[in-house]
Each structure stands twice: as structure tokens, then as C-alpha cells.
$ cat model.cif   # mmCIF, C-alpha atoms
data_upload
#
loop_
_atom_site.label_atom_id
_atom_site.label_comp_id
_atom_site.auth_asym_id
_atom_site.auth_seq_id
_atom_site.Cartn_x
_atom_site.Cartn_y
_atom_site.Cartn_z
CA MET Z 193 -63.87 -18.56 6.30
CA SER Z 194 -60.31 -17.46 6.76
CA LEU Z 195 -57.61 -16.91 4.20
CA GLN Z 196 -54.22 -17.76 5.64
CA PHE Z 197 -51.35 -16.06 3.89
CA ASP Z 198 -48.65 -13.46 4.35
CA ILE Z 199 -48.00 -10.35 2.39
CA THR Z 200 -44.59 -8.84 1.76
CA PRO Z 201 -44.40 -5.06 1.94
CA GLY Z 202 -41.37 -3.55 0.25
CA SER Z 203 -41.69 -5.83 -2.75
CA PRO Z 204 -42.06 -4.52 -6.31
CA GLU Z 205 -45.53 -6.05 -6.31
CA PRO Z 206 -47.97 -3.71 -4.55
CA ILE Z 207 -49.78 -5.20 -1.54
CA TYR Z 208 -53.20 -5.08 -3.23
CA GLU Z 209 -51.78 -7.13 -6.13
CA GLN Z 210 -50.35 -9.67 -3.70
CA ILE Z 211 -53.76 -10.11 -2.06
CA GLU Z 212 -55.45 -10.24 -5.45
CA GLY Z 213 -52.94 -12.82 -6.73
CA HIS Z 214 -53.38 -15.00 -3.69
CA ILE Z 215 -57.17 -15.10 -3.93
CA ARG Z 216 -57.02 -15.61 -7.71
CA ARG Z 217 -54.80 -18.63 -7.13
CA GLN Z 218 -57.15 -20.03 -4.49
CA ILE Z 219 -60.00 -19.77 -6.97
CA ALA Z 220 -57.94 -21.26 -9.84
CA THR Z 221 -56.92 -24.27 -7.74
CA GLY Z 222 -60.38 -24.86 -6.36
CA SER Z 223 -59.55 -24.02 -2.74
CA LEU Z 224 -62.25 -21.40 -3.11
CA VAL Z 225 -65.30 -22.40 -5.13
CA GLU Z 226 -68.33 -20.64 -6.54
CA GLY Z 227 -70.50 -19.24 -3.76
CA ASP Z 228 -67.72 -19.16 -1.13
CA GLN Z 229 -67.69 -15.93 0.81
CA LEU Z 230 -64.53 -13.84 1.15
CA PRO Z 231 -63.77 -12.42 4.60
CA PRO Z 232 -65.08 -8.89 5.20
CA VAL Z 233 -62.60 -6.18 4.17
CA ARG Z 234 -61.92 -5.11 7.78
CA THR Z 235 -61.36 -8.65 9.00
CA LEU Z 236 -58.80 -9.46 6.31
CA ALA Z 237 -57.13 -6.06 6.73
CA GLU Z 238 -56.73 -6.70 10.45
CA GLN Z 239 -55.43 -10.21 9.87
CA LEU Z 240 -52.81 -8.98 7.39
CA THR Z 241 -52.14 -5.69 9.27
CA VAL Z 242 -52.76 -3.51 6.23
CA ASN Z 243 -54.94 -0.51 5.44
CA PRO Z 244 -58.55 -1.65 4.76
CA ASN Z 245 -58.54 0.40 1.54
CA THR Z 246 -55.79 -1.90 0.22
CA VAL Z 247 -57.99 -4.97 0.74
CA ALA Z 248 -60.95 -3.10 -0.75
CA ARG Z 249 -58.87 -2.35 -3.85
CA ALA Z 250 -57.89 -6.03 -4.23
CA TYR Z 251 -61.58 -7.01 -3.98
CA ALA Z 252 -62.49 -4.32 -6.52
CA GLU Z 253 -59.90 -5.63 -9.00
CA LEU Z 254 -61.14 -9.21 -8.56
CA THR Z 255 -64.70 -7.98 -9.08
CA ALA Z 256 -63.64 -6.18 -12.27
CA GLU Z 257 -62.06 -9.43 -13.47
CA GLY Z 258 -65.35 -11.22 -12.83
CA LEU Z 259 -63.80 -13.66 -10.34
CA VAL Z 260 -65.86 -12.47 -7.38
CA GLU Z 261 -69.10 -10.57 -7.06
CA SER Z 262 -70.44 -8.33 -4.37
CA ARG Z 263 -73.96 -8.99 -3.11
CA THR Z 264 -75.44 -5.91 -1.54
CA GLY Z 265 -75.41 -6.03 2.23
CA ARG Z 266 -74.17 -9.60 2.37
CA GLY Z 267 -70.54 -9.50 1.30
CA VAL Z 268 -68.25 -10.63 -1.49
CA PHE Z 269 -68.61 -14.10 -2.99
CA VAL Z 270 -66.73 -16.22 -5.53
CA ALA Z 271 -68.54 -15.78 -8.85
CA PRO Z 272 -69.52 -18.44 -11.39
CA ARG Z 273 -66.61 -19.06 -13.73
CA ARG Z 274 -66.71 -17.14 -17.00
CA GLN Z 275 -64.32 -15.58 -19.45
CA ILE Z 276 -64.47 -11.81 -19.41
CA PHE Z 277 -61.16 -10.92 -21.03
CA SER Z 278 -60.85 -9.97 -24.66
CA GLU Z 279 -58.72 -12.10 -26.96
CA GLU Z 280 -56.07 -9.38 -26.88
CA GLU Z 281 -56.03 -9.14 -23.09
CA ARG Z 282 -55.78 -12.93 -22.77
CA ASN Z 283 -52.80 -12.91 -25.11
CA ARG Z 284 -51.17 -10.10 -23.17
CA ARG Z 285 -51.63 -11.88 -19.86
CA PHE Z 286 -50.40 -15.17 -21.25
CA HIS Z 287 -47.32 -13.52 -22.70
CA ARG Z 288 -46.51 -11.88 -19.37
CA ALA Z 289 -46.94 -15.18 -17.52
CA ALA Z 290 -44.77 -16.99 -20.07
CA TRP Z 291 -41.94 -14.50 -19.52
CA ARG Z 292 -42.08 -15.02 -15.78
CA PHE Z 293 -41.99 -18.76 -16.36
CA PHE Z 294 -38.93 -18.53 -18.62
CA ASP Z 295 -37.19 -16.21 -16.15
CA GLU Z 296 -37.22 -19.09 -13.71
CA THR Z 297 -36.61 -22.00 -16.07
CA ALA Z 298 -34.24 -20.71 -18.76
CA PHE Z 299 -31.14 -21.95 -16.92
CA LEU Z 300 -32.42 -25.38 -16.01
CA ASP Z 301 -31.36 -26.87 -19.37
CA ILE Z 302 -34.68 -28.58 -19.96
CA PRO Z 303 -35.59 -28.70 -23.68
CA VAL Z 304 -38.89 -27.05 -24.59
CA PRO Z 305 -40.74 -30.27 -25.59
CA GLU Z 306 -39.74 -31.77 -22.25
CA MET Z 307 -41.03 -28.63 -20.49
CA VAL Z 308 -44.36 -29.00 -22.27
CA ARG Z 309 -44.58 -32.65 -21.18
CA ARG Z 310 -43.83 -31.72 -17.58
CA LEU Z 311 -46.31 -28.86 -17.62
CA GLU Z 312 -49.01 -31.29 -18.73
CA ALA Z 313 -48.01 -33.68 -15.99
CA ALA Z 314 -48.08 -30.90 -13.34
CA TRP Z 315 -51.51 -29.70 -14.45
CA PRO Z 316 -53.66 -32.15 -12.38
CA ASP Z 317 -51.54 -31.48 -9.29
CA TYR Z 318 -52.14 -27.75 -9.56
CA PHE Z 319 -55.88 -28.12 -9.82
CA ARG Z 320 -56.16 -30.67 -7.05
CA LYS Z 321 -57.56 -28.97 -3.97
CA THR Z 322 -54.56 -28.02 -1.89
CA PRO Z 323 -55.30 -28.45 1.81
CA THR Z 324 -54.41 -25.31 3.78
CA PRO Z 325 -51.73 -26.03 6.38
CA MET P 156 -66.44 22.08 8.17
CA SER P 157 -64.03 21.39 5.35
CA GLU P 158 -63.30 17.79 4.33
CA TYR P 159 -59.64 18.48 5.02
CA VAL P 160 -58.42 18.18 8.57
CA ILE P 161 -55.17 19.93 7.72
CA GLU P 162 -54.85 22.55 5.04
CA THR P 163 -51.84 24.79 4.49
CA LYS P 164 -51.48 27.60 1.99
CA GLY P 165 -48.05 28.82 0.91
CA LEU P 166 -46.66 27.75 4.26
CA THR P 167 -43.06 28.96 4.44
CA ARG P 168 -40.45 29.09 7.17
CA TYR P 169 -36.96 30.48 7.18
CA PHE P 170 -34.36 29.88 9.87
CA GLY P 171 -32.04 32.81 9.32
CA LYS P 172 -31.37 32.85 5.61
CA THR P 173 -32.14 29.17 5.15
CA CYS P 174 -35.54 28.29 3.74
CA VAL P 175 -36.61 25.14 5.57
CA VAL P 176 -40.19 24.89 4.31
CA SER P 177 -41.13 26.55 1.06
CA GLU P 178 -44.61 27.45 -0.21
CA LEU P 179 -46.21 24.32 1.17
CA ASP P 180 -49.78 23.58 0.04
CA LEU P 181 -50.72 20.49 1.97
CA LYS P 182 -54.19 18.95 2.24
CA VAL P 183 -54.90 16.05 4.54
CA PRO P 184 -58.36 14.49 3.98
CA LYS P 185 -60.48 13.60 6.98
CA GLY P 186 -60.35 9.91 7.85
CA SER P 187 -57.08 9.22 6.07
CA ILE P 188 -53.80 7.75 7.24
CA PHE P 189 -51.39 10.20 5.73
CA GLY P 190 -47.69 9.35 5.38
CA PHE P 191 -45.39 12.36 5.47
CA LEU P 192 -42.17 11.37 3.74
CA GLY P 193 -38.86 13.02 3.09
CA ARG P 194 -35.18 12.68 3.86
CA ASN P 195 -33.64 13.90 7.10
CA GLY P 196 -33.68 17.68 7.12
CA ALA P 197 -36.40 17.90 4.45
CA GLY P 198 -38.54 20.06 6.75
CA LYS P 199 -41.04 17.49 8.05
CA SER P 200 -40.65 18.25 11.76
CA THR P 201 -40.68 22.01 11.17
CA THR P 202 -43.90 21.63 9.18
CA ILE P 203 -45.45 19.57 11.95
CA ARG P 204 -44.42 22.13 14.56
CA MET P 205 -46.00 24.89 12.46
CA LEU P 206 -49.22 22.84 12.20
CA LEU P 207 -49.33 22.75 15.98
CA GLY P 208 -48.60 26.45 16.37
CA MET P 209 -45.26 25.78 18.04
CA VAL P 210 -43.28 27.48 15.29
CA GLU P 211 -44.49 30.64 13.59
CA PRO P 212 -44.57 30.57 9.79
CA THR P 213 -42.49 33.23 8.01
CA ARG P 214 -45.25 33.40 5.38
CA GLY P 215 -48.44 31.56 4.58
CA SER P 216 -50.93 29.85 6.84
CA ALA P 217 -51.90 26.49 8.28
CA HIS P 218 -55.40 25.46 9.29
CA VAL P 219 -55.91 22.45 11.52
CA LEU P 220 -59.42 21.17 12.34
CA GLY P 221 -60.69 24.34 10.67
CA LYS P 222 -58.71 26.67 12.97
CA ASN P 223 -55.67 28.78 12.23
CA SER P 224 -52.84 26.93 13.91
CA GLN P 225 -51.45 30.14 15.40
CA GLU P 226 -54.72 30.61 17.29
CA LEU P 227 -55.42 27.15 18.66
CA SER P 228 -57.25 27.24 21.99
CA PRO P 229 -56.66 24.59 24.69
CA GLN P 230 -60.02 23.08 23.64
CA ASP P 231 -58.78 22.75 20.06
CA ARG P 232 -55.52 21.23 21.25
CA ALA P 233 -57.41 18.63 23.25
CA ARG P 234 -58.73 17.31 19.92
CA ILE P 235 -55.20 16.85 18.57
CA GLY P 236 -52.79 14.16 19.72
CA TYR P 237 -49.12 14.92 19.11
CA LEU P 238 -46.29 12.44 19.48
CA PRO P 239 -43.04 14.37 19.19
CA GLU P 240 -39.96 12.79 17.72
CA GLY P 241 -37.84 10.79 20.16
CA HIS P 242 -40.39 9.35 22.65
CA HIS P 243 -39.68 11.74 25.53
CA VAL P 244 -40.95 10.86 29.00
CA TYR P 245 -40.44 12.22 32.50
CA GLY P 246 -38.00 9.63 33.77
CA TRP P 247 -38.71 10.18 37.47
CA MET P 248 -42.42 9.32 37.13
CA THR P 249 -43.78 5.79 37.12
CA VAL P 250 -45.81 4.63 34.13
CA GLU P 251 -48.97 5.09 36.19
CA GLU P 252 -47.99 8.61 37.26
CA CYS P 253 -47.28 9.55 33.65
CA GLY P 254 -50.84 8.52 32.82
CA LYS P 255 -52.38 10.50 35.70
CA PHE P 256 -50.28 13.56 34.88
CA GLN P 257 -51.24 13.50 31.19
CA ALA P 258 -54.92 12.80 31.93
CA SER P 259 -55.16 15.94 34.08
CA PHE P 260 -54.69 18.07 30.94
CA TYR P 261 -57.54 16.48 28.97
CA PRO P 262 -61.31 16.72 29.35
CA HIS P 263 -61.64 13.16 28.12
CA TRP P 264 -59.48 10.16 29.00
CA ASN P 265 -60.22 6.59 27.94
CA HIS P 266 -58.73 4.28 30.61
CA THR P 267 -59.55 1.17 28.57
CA ILE P 268 -57.41 2.36 25.67
CA PHE P 269 -54.60 3.46 27.99
CA ASP P 270 -54.54 0.06 29.71
CA ALA P 271 -54.85 -1.85 26.42
CA VAL P 272 -51.84 -0.11 24.89
CA LEU P 273 -49.80 -0.61 28.08
CA SER P 274 -50.48 -4.33 28.11
CA HIS P 275 -49.90 -4.57 24.35
CA PHE P 276 -46.38 -3.26 24.97
CA ARG P 277 -46.07 -5.33 28.19
CA LEU P 278 -45.59 -2.35 30.44
CA ASP P 279 -45.64 -2.58 34.21
CA ARG P 280 -47.41 0.48 35.61
CA LYS P 281 -45.17 0.50 38.72
CA ASN P 282 -42.04 0.85 36.59
CA LYS P 283 -40.14 4.15 36.47
CA ALA P 284 -40.46 5.68 32.98
CA GLY P 285 -36.71 6.36 33.02
CA ASN P 286 -35.95 2.64 33.27
CA LEU P 287 -37.99 1.63 30.23
CA SER P 288 -36.47 0.33 27.01
CA ARG P 289 -36.89 2.38 23.86
CA GLY P 290 -39.74 0.18 22.63
CA GLN P 291 -41.51 0.34 25.99
CA ARG P 292 -41.07 4.11 26.11
CA ALA P 293 -42.62 4.31 22.65
CA GLY P 294 -45.51 2.21 23.95
CA LEU P 295 -46.00 4.54 26.92
CA CYS P 296 -45.92 7.62 24.69
CA LEU P 297 -48.42 6.00 22.36
CA ALA P 298 -50.75 5.14 25.26
CA LEU P 299 -50.52 8.74 26.48
CA VAL P 300 -51.35 10.16 23.07
CA LEU P 301 -54.16 7.69 22.27
CA ALA P 302 -56.05 7.74 25.58
CA PRO P 303 -57.66 11.19 25.02
CA GLU P 304 -59.07 9.75 21.75
CA PRO P 305 -58.03 12.73 19.62
CA GLU P 306 -59.71 13.39 16.27
CA LEU P 307 -56.34 14.12 14.72
CA LEU P 308 -53.15 12.27 15.55
CA ILE P 309 -49.83 13.73 14.50
CA LEU P 310 -46.97 11.29 14.95
CA ASP P 311 -43.45 12.51 14.26
CA ASP P 312 -41.37 9.49 13.30
CA PRO P 313 -43.12 7.17 15.77
CA ALA P 314 -41.27 4.06 14.56
CA LEU P 315 -37.78 5.48 15.13
CA GLY P 316 -35.64 2.94 16.92
CA LEU P 317 -38.38 0.37 17.45
CA ASP P 318 -37.87 -3.37 17.06
CA PRO P 319 -40.07 -5.23 14.52
CA VAL P 320 -42.55 -6.42 17.14
CA ALA P 321 -43.04 -2.94 18.60
CA ARG P 322 -43.36 -1.51 15.09
CA ARG P 323 -46.09 -4.01 14.29
CA SER P 324 -47.91 -3.03 17.48
CA LEU P 325 -47.61 0.60 16.46
CA ILE P 326 -49.14 -0.12 13.04
CA GLN P 327 -51.95 -2.14 14.63
CA SER P 328 -52.68 0.78 16.93
CA MET P 329 -52.80 3.16 13.97
CA LEU P 330 -55.23 0.92 12.10
CA TYR P 331 -57.28 0.48 15.26
CA VAL P 332 -57.62 4.23 15.78
CA THR P 333 -58.86 4.84 12.23
CA ARG P 334 -61.62 2.23 12.55
CA LYS P 335 -63.69 5.27 13.45
CA THR P 336 -63.92 6.95 10.10
CA ASP P 337 -63.71 10.50 11.44
CA ARG P 338 -60.22 9.91 12.86
CA THR P 339 -57.20 11.10 10.92
CA ILE P 340 -53.51 10.29 11.32
CA LEU P 341 -50.58 12.20 9.90
CA PHE P 342 -47.27 10.45 10.51
CA SER P 343 -43.74 10.83 9.29
CA SER P 344 -41.52 7.81 8.74
CA HIS P 345 -38.49 6.52 6.91
CA LEU P 346 -39.71 2.93 7.03
CA LEU P 347 -41.37 2.63 3.67
CA SER P 348 -42.55 -0.94 4.17
CA ASP P 349 -44.56 0.29 7.17
CA VAL P 350 -45.83 3.24 5.17
CA GLU P 351 -46.92 0.84 2.45
CA ARG P 352 -48.90 -1.20 4.96
CA VAL P 353 -50.89 1.61 6.51
CA ALA P 354 -50.92 4.80 4.44
CA ASP P 355 -53.77 5.82 2.12
CA GLU P 356 -52.02 8.95 0.97
CA ILE P 357 -48.48 10.23 1.04
CA ALA P 358 -46.76 13.57 0.70
CA VAL P 359 -43.12 13.78 -0.32
CA LEU P 360 -41.16 16.72 1.00
CA ASP P 361 -37.76 17.36 -0.57
CA ARG P 362 -35.54 20.18 0.74
CA GLY P 363 -38.58 22.06 1.99
CA VAL P 364 -40.54 21.69 -1.24
CA LEU P 365 -43.62 19.50 -1.61
CA ARG P 366 -42.88 17.28 -4.60
CA ALA P 367 -45.82 14.89 -4.44
CA SER P 368 -49.07 14.61 -2.55
CA CYS P 369 -51.35 11.83 -3.70
CA LYS P 370 -52.62 8.32 -3.09
CA LEU P 371 -49.78 5.90 -2.39
CA ASP P 372 -50.67 3.77 -5.43
CA THR P 373 -50.76 6.85 -7.64
CA PHE P 374 -47.22 7.74 -6.59
CA ARG P 375 -46.02 4.23 -7.39
CA SER P 376 -47.65 4.12 -10.78
CA HIS P 377 -46.07 7.45 -11.77
CA VAL P 378 -42.48 6.45 -11.14
CA ARG P 379 -41.61 3.97 -13.89
CA GLN P 380 -38.43 2.26 -14.95
CA PHE P 381 -37.50 0.89 -18.37
CA VAL P 382 -34.51 -1.32 -19.07
CA ILE P 383 -33.14 -1.20 -22.60
CA LYS P 384 -30.80 -3.96 -23.67
CA HIS P 385 -28.60 -3.37 -26.69
CA ASN P 386 -25.64 -5.09 -28.31
CA GLY P 387 -22.97 -2.73 -27.06
CA LYS P 388 -24.08 0.11 -29.32
CA GLU P 389 -26.25 2.49 -27.39
CA PRO P 390 -29.27 3.93 -29.22
CA PRO P 391 -29.40 7.75 -29.39
CA LEU P 392 -31.71 9.17 -26.74
CA PRO P 393 -33.16 12.67 -26.63
CA ASP P 394 -33.35 14.77 -23.46
CA PHE P 395 -36.44 13.48 -21.70
CA PRO P 396 -37.91 16.14 -19.39
CA GLY P 397 -39.36 13.59 -16.95
CA LEU P 398 -36.19 11.55 -16.66
CA LEU P 399 -35.13 11.06 -13.03
CA GLN P 400 -32.20 8.73 -13.37
CA THR P 401 -30.08 6.93 -15.92
CA PHE P 402 -28.03 3.87 -15.08
CA ARG P 403 -25.66 2.40 -17.65
CA THR P 404 -23.69 -0.78 -18.12
CA ASP P 405 -21.96 -1.95 -21.30
CA THR P 406 -25.08 -3.47 -22.83
CA GLU P 407 -27.91 -1.94 -20.80
CA ILE P 408 -29.45 1.43 -20.03
CA SER P 409 -32.02 1.77 -17.33
CA LEU P 410 -34.15 4.90 -17.40
CA THR P 411 -36.40 5.96 -14.54
CA PHE P 412 -39.11 8.53 -15.16
CA ALA P 413 -41.52 10.56 -13.12
CA ASN P 414 -44.76 11.18 -14.99
CA ILE P 415 -43.55 9.80 -18.30
CA SER P 416 -45.53 11.27 -21.15
CA HIS P 417 -47.28 9.21 -23.79
CA ASP P 418 -44.83 10.48 -26.44
CA GLU P 419 -41.79 9.65 -24.33
CA GLU P 420 -43.05 6.14 -23.68
CA HIS P 421 -43.79 5.68 -27.36
CA HIS P 422 -40.28 6.88 -28.22
CA ILE P 423 -38.69 4.33 -25.90
CA ARG P 424 -40.90 1.46 -26.95
CA SER P 425 -40.07 2.03 -30.62
CA LEU P 426 -36.27 2.04 -30.20
CA GLU P 427 -34.52 -0.55 -32.35
CA VAL P 428 -32.70 -2.49 -29.69
CA HIS P 429 -32.39 -6.02 -28.40
CA SER P 430 -35.16 -5.68 -25.80
CA ILE P 431 -37.14 -3.12 -23.82
CA GLU P 432 -38.67 -4.13 -20.55
CA GLU P 433 -40.55 -2.23 -17.89
CA ILE P 434 -39.48 -3.12 -14.37
CA GLN P 435 -41.89 -2.71 -11.46
CA LEU P 436 -40.29 -0.70 -8.66
CA SER P 437 -40.78 -1.20 -4.97
CA LEU P 438 -42.08 1.81 -3.07
CA GLU P 439 -38.63 2.27 -1.58
CA ASP P 440 -36.87 2.21 -4.96
CA ALA P 441 -39.44 4.62 -6.39
CA PHE P 442 -38.94 6.96 -3.42
CA VAL P 443 -35.14 6.80 -3.48
CA THR P 444 -35.06 7.55 -7.19
CA TYR P 445 -37.60 10.32 -6.81
CA VAL P 446 -35.82 12.24 -4.06
CA GLY P 447 -32.26 11.07 -4.76
CA GLU P 448 -29.80 13.07 -6.81
CA ARG P 449 -31.01 13.48 -10.35
CA GLY P 450 -29.01 12.55 -13.39
CA GLU P 451 -26.42 10.14 -14.50
CA LYS P 452 -25.46 7.11 -12.47
CA SER P 453 -22.96 4.97 -14.30
CA PHE P 454 -21.46 1.72 -13.33
CA PHE P 455 -18.23 1.35 -15.27
CA THR P 456 -17.51 -2.33 -15.16
CA LYS P 457 -14.37 -1.76 -17.19
CA ASP P 458 -12.86 0.37 -14.44
CA LEU P 459 -13.12 -2.57 -12.12
CA GLU P 460 -11.37 -4.98 -14.43
CA GLY P 461 -8.06 -6.10 -13.05
CA VAL P 462 -9.09 -5.19 -9.52
CA LYS P 463 -8.12 -8.03 -7.26
#
$ encode --input "model.cif" --output "C-alpha cells"
Amino acid sequence: MSLQFDITPGSPEPIYEQIEGHIRRQIATGSLVEGDQLPPVRTLAEQLTVNPNTVARAYAELTAEGLVESRTGRGVFVAPRRQIFSEEERNRRFHRAAWRFFDETAFLDIPVPEMVRRLEAAWPDYFRKTPTP
Amino acid sequence: MSEYVIETKGLTRYFGKTCVVSELDLKVPKGSIFGFLGRNGAGKSTTIRMLLGMVEPTRGSAHVLGKNSQELSPQDRARIGYLPEGHHVYGWMTVEECGKFQASFYPHWNHTIFDAVLSHFRLDRKNKAGNLSRGQRAGLCLALVLAPEPELLILDDPALGLDPVARRSLIQSMLYVTRKTDRTILFSSHLLSDVERVADEIAVLDRGVLRASCKLDTFRSHVRQFVIKHNGKEPPLPDFPGLLQTFRTDTEISLTFANISHDEEHHIRSLEVHSIEEIQLSLEDAFVTYVGERGEKSFFTKDLEGVK
């Protein structure tokens, strides 16, 4: 299995977070499903031209979030879906995501109820399996 | 043998009355890719030359591969690959002759690696080294330094003057070399996006003084910026010891800290202002703030009013 994406060094977001974010999104959208195997650390590091420790850190963070699990001697696999965050942490993460959303949309002059309607409409699109180009 | 491939203690060098490197305690772990950062003239090249025994320290000591760097034997040197700044070659030799000449100094020479790097940089072995482009010359130098398969590679600004494609090849070579876990690379660079790609650890040298030596991510997480928005009336702020830089506009103050303490952070977060937001910094911004001039940086928008 190959993950096709680019990372951007020099951005405020550290490279390991970019890798983590990309894989998290693939899992959220169903491009990666339970039981899928992630590429070995060295393979992905070579593909992205980054230090293998950076990829290892991204995998470690995803493991800590319960999104993937490491099976001894066999590799890293997408884990069964479960909620591991505390109520407080979920609120914190939601708040942070909401701010990012408003950063982008505040100047579009779309009233909040209309935004909610459009979010609901966009929902199925997001979770439809997106074919990789 | 120690787990550090390079270890210096109080390493100091004066040129005349100028202190170029001051009390340097540097530790480079075995198997790491170690980024050696600092502005021009910070003392990086002098440090590297002391590590190799080419410059004598005024005080202090440097140990490389467990040996005092002032007493390195030819056998020890064969285990170290050194790429000096500037990609120097003997212009009158062909690429092939350069290889043969270099190989004669080493007990071990891996032709496969030499050829692979040459073809990676699209070098013709019949070409005169003096006719090569800067990127090709860098490729040749890299091939010459990699072919003996040294345990320790010391690269002094290897990316200087390279185009993006050649730089990427350089990074790939660095990652390739450290596939063997007992290989260590120390390199200096000003290209922080490249450093971010490859380095495990970094050291920051500032006017001869070591100001940080840690994991790259640790450095990033210790330089933090807060933006305080107020309604034109600035809240009173105490003197923060860890404050690196202040930037002001009419309704905003941005404060950048190194190693902000819990109390300082609490103080900022409990200010009664319009909003307080932490901004994530890129490695470059964190570095520039960290080694740039400390203190007040104001941007007086009012002064620019009426400017046509």
C-alpha cells in the first residue's frame, strides 16, 4: 500500500504533524479502513525524503490516539474505531478546529444557519471514499 | 566506546583577541543526523576544523570517534569523511582521475557508491572537474567523500549554491548513508527547510557560544509566540526573563519566548484583553527570533501615514 502525498517543510506545522494529519484524514474519510497496513517507516521516509524518526514519531502519535496499532513484527495497522479522548480533550480539539474553520469562512458573508446547512450537505461527500489520483 | 561520536569539552579558540568559539560542550550521538546551525561567522567552520585537528584549540578538548582530535592517526582519519565548504576540486583532473586520486588515500573504496552518486548527479567521468557546474562539482565532492564509507561524515555547508534538484539528491544521499545505524552525519546549513527534513538533532551556535543542543522538535516546542490583541490600550507587562522579542502595532503585541515558564504563561493567559492566541512558528521563524537581535521590534504604522 502506498500513501501518496507531499509534505511542506518550512511550514509552521511540523513535518510529523503533517504526516499524522494526512493519515488521520485518510482514516476519517475511509480511504484507509480497519486492518489496512501502513507502509513501513523506512519506506514512507524514503518516499517523502524525510528522516525516518519523523515518520516514526507520526506513527507513535497516531498509535497514542488509538487510530492505528502496532502488531509486533508485522507492522502498523489501522485500528478498530473507538473514542479514546476525554470529554475535555474532545472539546479542546473541536474548539481548535472551529477556529480554523472560522479563520477561512468569516469573510465569506454566509450566515451561520446557512453554514450549518452547508456543512450537513458536505458531510456525505467528505466521508465518501475519495479515489487517490 | 562512548555513545557519542563527537564530544567536546570547553572547546575554545581565539584568533588574536577575538574569541571565535567559546567554551563549547558539544555531544553528537552515534547514528544521528546532526544539524549544526548558526549565522555566518558564528564559529561553525572553526569548530569543524578543530574537530578534525586542522586548527588547534586555545583551550579545551575535542574527541572524535573516541580519539583526541589533535592526535588523529591516518587510520582514524580514514574513518571520517570531511566535505569542506565550497566544493573544491582539482580542475585539471577528470572526474575519473579525481576518483582514482582520492581512492589511493583510503584503505577502503566502494566503487558502487562512487558510481551511483556520479550517475545521480549525471556526471560524465571523462569530463574535466574544472568544467563542471556548481551542482555537478558538489556531486563529485559528495561521491569522493561517500565512497570510503566513513563512519562519521562532516559536511560543511554542503548545500551552498545548489539548485533544488541537487539539494534533494544531497538529502537523499544523507538519508541513504544513515540507513546503517552506526553512521553519523554532522552538517552545517542555512537552509532550514532541508534541516527540518533530515536532522534528528540540532545545535545552535551564536557568536561562538552554544545556545541550544537538542532534538529538533524540542527546539521548536521551546520557542513560543503569543499574540495579544487589545483595544488600543496596552496591558501592563512585567519584564519577562525568557522574552526574546516584542513586536507591537496599535492594537496588538506579539511576544516570543524561549523556555517560557509556567508562571509567565499563566500571567499572559490571564491578561484582561480582547484575545490571546498562541501562534505556531516555523523552524525558520523560531531560529531567526532565537539568534536575531533581542528586544523591541516596533512597527509604527502611524509613521507611515501620509507616505505616498
$ atom_distance --input "model.cif" --atom1 "atom CA of P:Arg168" --atom2 "atom CA of P:Arg214"
6.7 Å
$ atom_distance --input "model.cif" --atom1 "atom CA of P:Leu315" --atom2 "atom CA of Z:Ala237"
24.0 Å
$ atom_distance --input "model.cif" --atom1 "atom CA of Z:Ala252" --atom2 "atom CA of Z:Glu212"
9.3 Å
$ resolve_selection --input "model.cif" --expression "the PyMOL selection byres ((chain P) within 9 of (chain Z))" --output "PyMOL selection string"
chain P and resi 188+323+326-327+330-331+334+347-349+351-355+372+375+434-440
$ write_last_selection --input "model.cif" --atoms "C-alpha atoms" --output "tab-separated table (two decimals), in the frame of the given file"
chain	number	residue	atom	x	y	z
P	188	ILE	CA	-53.80	7.75	7.24
P	323	ARG	CA	-46.09	-4.01	14.29
P	326	ILE	CA	-49.14	-0.12	13.04
P	327	GLN	CA	-51.95	-2.14	14.63
P	330	LEU	CA	-55.23	0.92	12.10
P	331	TYR	CA	-57.28	0.48	15.26
P	334	ARG	CA	-61.62	2.23	12.55
P	347	LEU	CA	-41.37	2.63	3.67
P	348	SER	CA	-42.55	-0.94	4.17
P	349	ASP	CA	-44.56	0.29	7.17
P	351	GLU	CA	-46.92	0.84	2.45
P	352	ARG	CA	-48.90	-1.20	4.96
P	353	VAL	CA	-50.89	1.61	6.51
P	354	ALA	CA	-50.92	4.80	4.44
P	355	ASP	CA	-53.77	5.82	2.12
P	372	ASP	CA	-50.67	3.77	-5.43
P	375	ARG	CA	-46.02	4.23	-7.39
P	434	ILE	CA	-39.48	-3.12	-14.37
P	435	GLN	CA	-41.89	-2.71	-11.46
P	436	LEU	CA	-40.29	-0.70	-8.66
P	437	SER	CA	-40.78	-1.20	-4.97
P	438	LEU	CA	-42.08	1.81	-3.07
P	439	GLU	CA	-38.63	2.27	-1.58
P	440	ASP	CA	-36.87	2.21	-4.96
$ residues_near_point --input "model.cif" --point "(-61.8, 9.0, 11.8)" --cutoff "9 Å" --atoms "only C-alpha atoms" --output "NGL selection string"
:P and (185-187 or 306-307 or 332-340)
